[in-house]
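Data block for upload35.pdb (PDB, C-alpha atoms):
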ATOM      1  CA  MET A  90      32.849 -13.419   2.241  1.00  0.00           C
ATOM      2  CA  ASP A  91      31.840 -14.258   5.780  1.00  0.00           C
ATOM      3  CA  ALA A  92      28.309 -14.232   7.233  1.00  0.00           C
ATOM      4  CA  VAL A  93      28.508 -10.595   8.360  1.00  0.00           C
ATOM      5  CA  HIS A  94      29.510  -9.463   4.849  1.00  0.00           C
ATOM      6  CA  LEU A  95      26.675 -11.457   3.260  1.00  0.00           C
ATOM      7  CA  ASP A  96      24.215  -9.785   5.625  1.00  0.00           C
ATOM      8  CA  ALA A  97      25.708  -6.349   4.857  1.00  0.00           C
ATOM      9  CA  ALA A  98      25.301  -6.978   1.103  1.00  0.00           C
ATOM     10  CA  LEU A  99      21.643  -7.930   1.630  1.00  0.00           C
ATOM     11  CA  GLU A 100      21.147  -4.804   3.741  1.00  0.00           C
ATOM     12  CA  ARG A 101      22.669  -2.611   0.975  1.00  0.00           C
ATOM     13  CA  TRP A 102      20.224  -4.101  -1.536  1.00  0.00           C
ATOM     14  CA  LEU A 103      17.304  -3.616   0.840  1.00  0.00           C
ATOM     15  CA  THR A 104      18.070   0.034   1.570  1.00  0.00           C
ATOM     16  CA  ARG A 105      18.059   0.823  -2.170  1.00  0.00           C
ATOM     17  CA  GLN A 106      14.441  -0.325  -2.541  1.00  0.00           C
ATOM     18  CA  PRO A 107      11.621   2.261  -2.813  1.00  0.00           C
ATOM     19  CA  ASN A 108       8.803   2.787  -0.317  1.00  0.00           C
ATOM     20  CA  LEU A 109      10.505   1.111   2.656  1.00  0.00           C
ATOM     21  CA  ALA A 110       8.694   3.383   5.117  1.00  0.00           C
ATOM     22  CA  ILE A 111       5.304   1.891   4.141  1.00  0.00           C
ATOM     23  CA  SER A 112       6.472  -1.661   3.455  1.00  0.00           C
ATOM     24  CA  HIS A 113       7.066  -4.911   5.276  1.00  0.00           C
ATOM     25  CA  CYS A 114       9.780  -7.401   4.439  1.00  0.00           C
ATOM     26  CA  HIS A 115       9.790 -11.204   4.627  1.00  0.00           C
ATOM     27  CA  VAL A 116      12.745 -13.576   4.286  1.00  0.00           C
ATOM     28  CA  GLN A 117      12.552 -17.225   3.328  1.00  0.00           C
ATOM     29  CA  ILE A 118      15.545 -19.537   2.912  1.00  0.00           C
ATOM     30  CA  LYS A 119      15.369 -22.832   1.044  1.00  0.00           C
ATOM     31  CA  LEU A 120      18.160 -25.322   1.639  1.00  0.00           C
ATOM     32  CA  GLU A 121      18.776 -28.227  -0.666  1.00  0.00           C
ATOM     33  CA  HIS A 122      17.651 -31.698   0.352  1.00  0.00           C
ATOM     34  CA  GLY A 123      19.988 -33.162   2.933  1.00  0.00           C
ATOM     35  CA  ASP A 124      21.664 -29.909   3.950  1.00  0.00           C
ATOM     36  CA  ILE A 125      20.237 -30.176   7.457  1.00  0.00           C
ATOM     37  CA  ALA A 126      20.468 -33.586   9.089  1.00  0.00           C
ATOM     38  CA  PRO A 127      17.302 -34.692  10.932  1.00  0.00           C
ATOM     39  CA  ALA A 128      19.118 -34.674  14.276  1.00  0.00           C
ATOM     40  CA  GLN A 129      20.255 -31.106  13.753  1.00  0.00           C
ATOM     41  CA  ARG A 130      16.769 -29.988  12.683  1.00  0.00           C
ATOM     42  CA  ALA A 131      15.482 -31.133  16.054  1.00  0.00           C
ATOM     43  CA  THR A 132      18.044 -29.046  17.943  1.00  0.00           C
ATOM     44  CA  LEU A 133      17.841 -25.761  16.016  1.00  0.00           C
ATOM     45  CA  ASP A 134      16.405 -22.966  18.133  1.00  0.00           C
ATOM     46  CA  LEU A 135      15.835 -19.947  15.900  1.00  0.00           C
ATOM     47  CA  PRO A 136      13.459 -17.446  17.559  1.00  0.00           C
ATOM     48  CA  GLY A 137      11.180 -15.725  15.062  1.00  0.00           C
ATOM     49  CA  TRP A 138      11.765 -18.405  12.431  1.00  0.00           C
ATOM     50  CA  VAL A 139      10.015 -21.639  11.543  1.00  0.00           C
ATOM     51  CA  LEU A 140      11.599 -24.711   9.973  1.00  0.00           C
ATOM     52  CA  ILE A 141       9.779 -25.986   6.871  1.00  0.00           C
ATOM     53  CA  ASP A 142      10.264 -29.391   5.266  1.00  0.00           C
ATOM     54  CA  TRP A 143       9.343 -29.491   1.570  1.00  0.00           C
ATOM     55  CA  GLY A 144      10.318 -33.166   1.271  1.00  0.00           C
ATOM     56  CA  VAL A 145      12.457 -33.866  -1.801  1.00  0.00           C
ATOM     57  CA  ARG A 146      12.523 -30.144  -2.614  1.00  0.00           C
ATOM     58  CA  GLY A 147      14.525 -29.516   0.547  1.00  0.00           C
ATOM     59  CA  THR A 148      14.237 -27.938   3.942  1.00  0.00           C
ATOM     60  CA  GLY A 149      13.927 -24.279   4.685  1.00  0.00           C
ATOM     61  CA  LEU A 150      13.593 -21.511   7.180  1.00  0.00           C
ATOM     62  CA  SER A 151      10.887 -18.904   7.020  1.00  0.00           C
ATOM     63  CA  ALA A 152      10.389 -15.831   9.123  1.00  0.00           C
ATOM     64  CA  LYS A 153       7.173 -16.271  11.092  1.00  0.00           C
ATOM     65  CA  ARG A 154       6.027 -12.765  10.182  1.00  0.00           C
ATOM     66  CA  ALA A 155       6.963  -9.990   7.802  1.00  0.00           C
ATOM     67  CA  MET A 156       8.781  -7.152   9.547  1.00  0.00           C
ATOM     68  CA  PRO A 157       8.680  -3.412   8.843  1.00  0.00           C
ATOM     69  CA  ALA A 158      11.200  -2.928   6.032  1.00  0.00           C
ATOM     70  CA  ALA A 159      12.551   0.439   7.165  1.00  0.00           C
ATOM     71  CA  GLY A 160      15.471  -0.286   9.441  1.00  0.00           C
ATOM     72  CA  TYR A 161      15.268  -4.063   8.967  1.00  0.00           C
ATOM     73  CA  LEU A 162      18.707  -5.662   9.268  1.00  0.00           C
ATOM     74  CA  PRO A 163      19.024  -8.999   7.453  1.00  0.00           C
ATOM     75  CA  THR A 164      20.758 -11.662   9.537  1.00  0.00           C
ATOM     76  CA  VAL A 165      20.578 -14.514   7.045  1.00  0.00           C
ATOM     77  CA  GLY A 166      24.298 -15.310   7.087  1.00  0.00           C
ATOM     78  CA  ARG A 167      24.504 -15.183  10.862  1.00  0.00           C
ATOM     79  CA  LEU A 168      21.306 -17.226  11.205  1.00  0.00           C
ATOM     80  CA  LEU A 169      22.709 -19.957   8.974  1.00  0.00           C
ATOM     81  CA  GLU A 170      25.840 -20.184  11.121  1.00  0.00           C
ATOM     82  CA  ALA A 171      23.666 -22.299  13.451  1.00  0.00           C
ATOM     83  CA  ILE A 172      23.682 -25.021  10.783  1.00  0.00           C
ATOM     84  CA  ASP A 173      26.863 -27.046  11.131  1.00  0.00           C
ATOM     85  CA  SER A 174      27.755 -28.103   7.616  1.00  0.00           C
ATOM     86  CA  PRO A 175      30.997 -27.724   5.621  1.00  0.00           C
ATOM     87  CA  LEU A 176      28.909 -27.127   2.477  1.00  0.00           C
ATOM     88  CA  LEU A 177      25.571 -25.318   2.534  1.00  0.00           C
ATOM     89  CA  ARG A 178      23.519 -24.175  -0.468  1.00  0.00           C
ATOM     90  CA  ALA A 179      20.985 -21.471   0.335  1.00  0.00           C
ATOM     91  CA  HIS A 180      18.265 -20.078  -1.905  1.00  0.00           C
ATOM     92  CA  ILE A 181      17.252 -16.828  -0.228  1.00  0.00           C
ATOM     93  CA  GLN A 182      14.087 -14.949  -1.130  1.00  0.00           C
ATOM     94  CA  ILE A 183      13.317 -11.494   0.187  1.00  0.00           C
ATOM     95  CA  VAL A 184       9.851 -10.076  -0.457  1.00  0.00           C
ATOM     96  CA  ILE A 185       9.093  -6.396   0.149  1.00  0.00           C
ATOM     97  CA  ALA A 186       5.506  -5.185  -0.184  1.00  0.00           C
ATOM     98  CA  PRO A 187       3.220  -2.500   1.237  1.00  0.00           C
ATOM     99  CA  ALA A 188       2.120  -3.336   4.786  1.00  0.00           C
ATOM    100  CA  GLU A 189      -1.551  -3.728   3.812  1.00  0.00           C
ATOM    101  CA  ASP A 190      -0.694  -6.397   1.199  1.00  0.00           C
ATOM    102  CA  TRP A 191       0.479  -8.710   3.989  1.00  0.00           C
ATOM    103  CA  ASN A 192      -2.980  -9.041   5.611  1.00  0.00           C
ATOM    104  CA  ALA A 193      -4.013 -11.794   3.180  1.00  0.00           C
ATOM    105  CA  ALA A 194      -0.776 -13.721   3.842  1.00  0.00           C
ATOM    106  CA  TYR A 195      -1.616 -14.912   7.333  1.00  0.00           C
ATOM    107  CA  SER A 196      -3.923 -17.690   8.458  1.00  0.00           C
ATOM    108  CA  ASP A 197      -4.450 -19.634  11.651  1.00  0.00           C
ATOM    109  CA  ALA A 198      -3.507 -22.816   9.791  1.00  0.00           C
ATOM    110  CA  SER A 199       0.032 -21.730   8.876  1.00  0.00           C
ATOM    111  CA  LEU A 200       3.131 -21.001  10.928  1.00  0.00           C
ATOM    112  CA  ALA A 201       4.528 -18.664   8.248  1.00  0.00           C
ATOM    113  CA  PRO A 202       2.923 -16.258   5.778  1.00  0.00           C
ATOM    114  CA  ASP A 203       1.682 -17.442   2.401  1.00  0.00           C
ATOM    115  CA  LEU A 204       3.713 -15.340  -0.022  1.00  0.00           C
ATOM    116  CA  MET A 205       1.495 -15.888  -3.081  1.00  0.00           C
ATOM    117  CA  PRO A 206      -1.273 -13.401  -2.124  1.00  0.00           C
ATOM    118  CA  VAL A 207       1.409 -10.773  -1.457  1.00  0.00           C
ATOM    119  CA  ILE A 208       3.166 -11.397  -4.756  1.00  0.00           C
ATOM    120  CA  ASP A 209      -0.139 -11.641  -6.667  1.00  0.00           C
ATOM    121  CA  ALA A 210      -1.197  -8.201  -5.355  1.00  0.00           C
ATOM    122  CA  GLY A 211       1.315  -6.794  -7.835  1.00  0.00           C
ATOM    123  CA  HIS A 212       3.181  -4.374  -5.545  1.00  0.00           C
ATOM    124  CA  ALA A 213       5.973  -6.635  -4.292  1.00  0.00           C
ATOM    125  CA  THR A 214       9.673  -6.326  -4.962  1.00  0.00           C
ATOM    126  CA  LEU A 215      11.502  -9.637  -4.825  1.00  0.00           C
ATOM    127  CA  LEU A 216      15.097 -10.699  -4.567  1.00  0.00           C
ATOM    128  CA  ASN A 217      16.041 -14.305  -5.286  1.00  0.00           C
ATOM    129  CA  LEU A 218      19.620 -15.069  -4.349  1.00  0.00           C
ATOM    130  CA  THR A 219      21.518 -18.357  -4.427  1.00  0.00           C
ATOM    131  CA  ALA A 220      24.643 -18.570  -2.305  1.00  0.00           C
ATOM    132  CA  VAL A 221      27.002 -21.365  -1.334  1.00  0.00           C
ATOM    133  CA  ARG A 222      28.878 -21.540   1.954  1.00  0.00           C
ATOM    134  CA  GLU A 223      32.032 -23.624   1.872  1.00  0.00           C
ATOM    135  CA  GLN A 224      34.069 -23.894   5.065  1.00  0.00           C
ATOM    136  CA  GLY A 225      32.415 -20.725   6.403  1.00  0.00           C
ATOM    137  CA  ASN A 226      32.945 -18.579   3.281  1.00  0.00           C
ATOM    138  CA  TRP A 227      29.923 -17.441   1.271  1.00  0.00           C
ATOM    139  CA  ARG A 228      29.894 -17.065  -2.502  1.00  0.00           C
ATOM    140  CA  VAL A 229      26.863 -15.592  -4.284  1.00  0.00           C
ATOM    141  CA  VAL A 230      26.205 -17.759  -7.320  1.00  0.00           C
ATOM    142  CA  ARG A 231      23.141 -15.990  -8.708  1.00  0.00           C
ATOM    143  CA  ALA A 232      20.873 -13.117  -7.785  1.00  0.00           C
ATOM    144  CA  TYR A 233      17.932 -11.656  -9.665  1.00  0.00           C
ATOM    145  CA  GLN A 234      14.793  -9.602  -9.128  1.00  0.00           C
ATOM    146  CA  PRO A 235      11.744 -11.256 -10.724  1.00  0.00           C
ATOM    147  CA  PRO A 236      10.241 -10.807 -13.210  1.00  0.00           C
ATOM    148  CA  SER A 237      13.707  -9.991 -14.600  1.00  0.00           C
ATOM    149  CA  GLU A 238      16.069 -12.948 -14.901  1.00  0.00           C
ATOM    150  CA  ASN A 239      19.156 -10.702 -15.229  1.00  0.00           C
ATOM    151  CA  ASN A 240      21.891 -11.918 -12.899  1.00  0.00           C
ATOM    152  CA  ILE A 241      22.825  -9.123 -10.475  1.00  0.00           C
ATOM    153  CA  ALA A 242      25.212 -11.234  -8.376  1.00  0.00           C
ATOM    154  CA  ASN A 243      27.949  -8.605  -8.839  1.00  0.00           C
ATOM    155  CA  GLU A 244      25.930  -6.320  -6.517  1.00  0.00           C
ATOM    156  CA  PHE A 245      26.664  -8.764  -3.708  1.00  0.00           C
ATOM    157  CA  ARG A 246      30.463  -8.767  -3.874  1.00  0.00           C
ATOM    158  CA  GLY A 247      32.292  -9.181  -0.607  1.00  0.00           C
ATOM    159  CA  VAL A 248      34.804  -6.753   0.852  1.00  0.00           C
ATOM    160  CA  SER A 249      37.679  -8.297  -1.094  1.00  0.00           C
ATOM    161  CA  GLY A 250      35.615  -8.314  -4.327  1.00  0.00           C
ATOM    162  CA  GLU A 251      34.788 -12.026  -4.393  1.00  0.00           C
ATOM    163  CA  LEU A 252      31.324 -13.253  -5.274  1.00  0.00           C
TER     164      LEU A 252
END

Now, as a test, write the supplied structure out as structure tokens.
Amino acid sequence: MDAVHLDAALERWLTRQPNLAISHCHVQIKLEHGDIAPAQRATLDLPGWVLIDWGVRGTGLSAKRAMPAAGYLPTVGRLLEAIDSPLLRAHIQIVIAPAEDWNAAYSDASLAPDLMPVIDAGHATLLNLTAVREQGNWRVVRAYQPPSENNIANEFRGVSGEL
């Protein structure tokens, strides 16, 4: 599937979640170590996003702020098109929680929200999705909603039915 179809699959999942009208949504993308060359990291200009380097655990992108979930359109696939790589492995996490739970996530010391207070509040819905882009085509390898480990990757099939 291409980037637009990946984003549409994420949007379908998002719209099926309860309480969107009172919730905010945050997206974080972890890329495996070496997936973004240092020179390319310096040239990426992604408004509303911050680049995070976790060292040997990889590099990632995090939205600077959680957005209202109702009407939010994921652009993960299109965002990652800015990364020029024939092979890209993305671990995408979407966190949806009531708007008031996000207050504890922000501090002056951080460029992106701390997701742990939001998750620890006990109201969050999470999606963890691993996808691989080879030569511009995305394949969802695994998807699950913690605390369940059940693989729901089939919910993210592309238009032609591929994962």

Name the residues that the PyMOL selection byres ((chain A and resi 225-227) around 10) picks from the file above, as a list in words, using the file's chain letters and numbers.
Met90, Asp91, Ala92, Val93, His94, Leu95, Gly166, Glu170, Asp173, Ser174, Pro175, Leu176, Leu177, Arg178, Ala179, Ala220, Val221, Arg222, Glu223, Gln224, Arg228, Val229, Val230, Gly247, Glu251 and Leu252 of chain A

Pull out every residue that the PyMOL selection byres ((chain A and resi 117) around 6) matches in the shown coordinates and put them as a list in words.
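Output of the PyMOL selection byres ((chain A and resi 117) around 6): Val116, Ile118, Leu150, Ser151, Ile181 and Gln182 of chain A.
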
Using only C-alpha atoms for the distances, tell me which of A:Val184, A:Leu133, A:Asn217, A:Ser112 is nearest to Asp203 (chain A).
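Between A:Val184, A:Leu133, A:Asn217, A:Ser112, the residue approaching Asp203 (chain A) most closely is A:Val184.
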
Show which residues sit within 10 Å of Ala171 (chain A), as a list in words. Count all atoms listed in the file, and ignore same-chain residues fewer than 6 positions away.
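Close residues of Ala171 (chain A): Gln129, Thr132, Leu133, Asp134 and Leu135 of chain A.
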
In Å to one decimal, how far is CA of Ala155 (chain A) from CA of Asp197 (chain A)?
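So the two atoms, CA of Asp197 (chain A) and CA of Ala155 (chain A), lie 15.4 Å apart.
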
Ile141 (chain A) surroundings by all atoms listed in the file, 10 Å radius, close-in-sequence under 2 positions cut, as a list in words
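Answer for this query is Gln117, Ile118, Lys119, Leu120, Arg130, Trp138, Val139, Trp143, Gly144, Gly147, Thr148, Gly149, Leu150, Ser151, Leu200 and Ala201 of chain A.
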
Do a neighbour search on Ala186 (chain A) at 8 Å with all atoms listed in the file, toss out local chain neighbours closer than 3 positions, and write the hits as a PDB file with C-alpha atoms, keeping the file's coordinate frame.
ATOM      1  CA  SER A 112       6.472  -1.661   3.455  1.00  0.00           C
ATOM      2  CA  HIS A 113       7.066  -4.911   5.276  1.00  0.00           C
ATOM      3  CA  CYS A 114       9.780  -7.401   4.439  1.00  0.00           C
ATOM      4  CA  ASP A 190      -0.694  -6.397   1.199  1.00  0.00           C
ATOM      5  CA  TRP A 191       0.479  -8.710   3.989  1.00  0.00           C
ATOM      6  CA  VAL A 207       1.409 -10.773  -1.457  1.00  0.00           C
ATOM      7  CA  HIS A 212       3.181  -4.374  -5.545  1.00  0.00           C
ATOM      8  CA  ALA A 213       5.973  -6.635  -4.292  1.00  0.00           C
ATOM      9  CA  THR A 214       9.673  -6.326  -4.962  1.00  0.00           C
TER      10      THR A 214
END

List the neighbours of region 233-245 of chain A out to 6 Å using only C-alpha atoms; skip same-chain residues closer than 5 positions along the sequence, and give me the result as a list in words.
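Once the nearby chain positions are removed, what remains is Ala98, Leu215, Leu216 and Asn217 of chain A.
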
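The space separating CA of Arg154 (chain A) from CA of Leu204 (chain A) comes to 10.8 Å.
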
For this file, the PyMOL selection byres ((chain A and resi 109) around 10) selects which residues, as a list in words?
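Selection result, ordered by chain and number: Leu103, Thr104, Arg105, Gln106, Pro107, Asn108, Ala110, Ile111, Ser112, His113, Cys114, Pro157, Ala158, Ala159, Gly160, Tyr161, Ile185, Ala186, Pro187 and Ala188 of chain A.
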
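Interatomic distance, CA of Thr219 (chain A) to CA of Asn192 (chain A): 28.1 Å.
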
Considering all atoms listed in the file, return as a list in words whatever protein or nucleic-acid residues lie within 10 Å of Leu162 (chain A), sequence-local ones (same chain, fewer than 5 positions apart) excluded.
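The filter keeps Asp96, Ala97, Leu99, Glu100, Arg101, Leu103 and Thr104 of chain A.
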
Mind working out the centre and edge lengths of an axis-aligned box for region 173-191 of chain A, all listed atoms inside, 5 Å added to each side, rounded to one decimal in Å and written as AutoDock Vina command-line options?
--center_x 14.7 --center_y -15.3 --center_z 4.6 --size_x 42.5 --size_y 35.6 --size_z 23.0
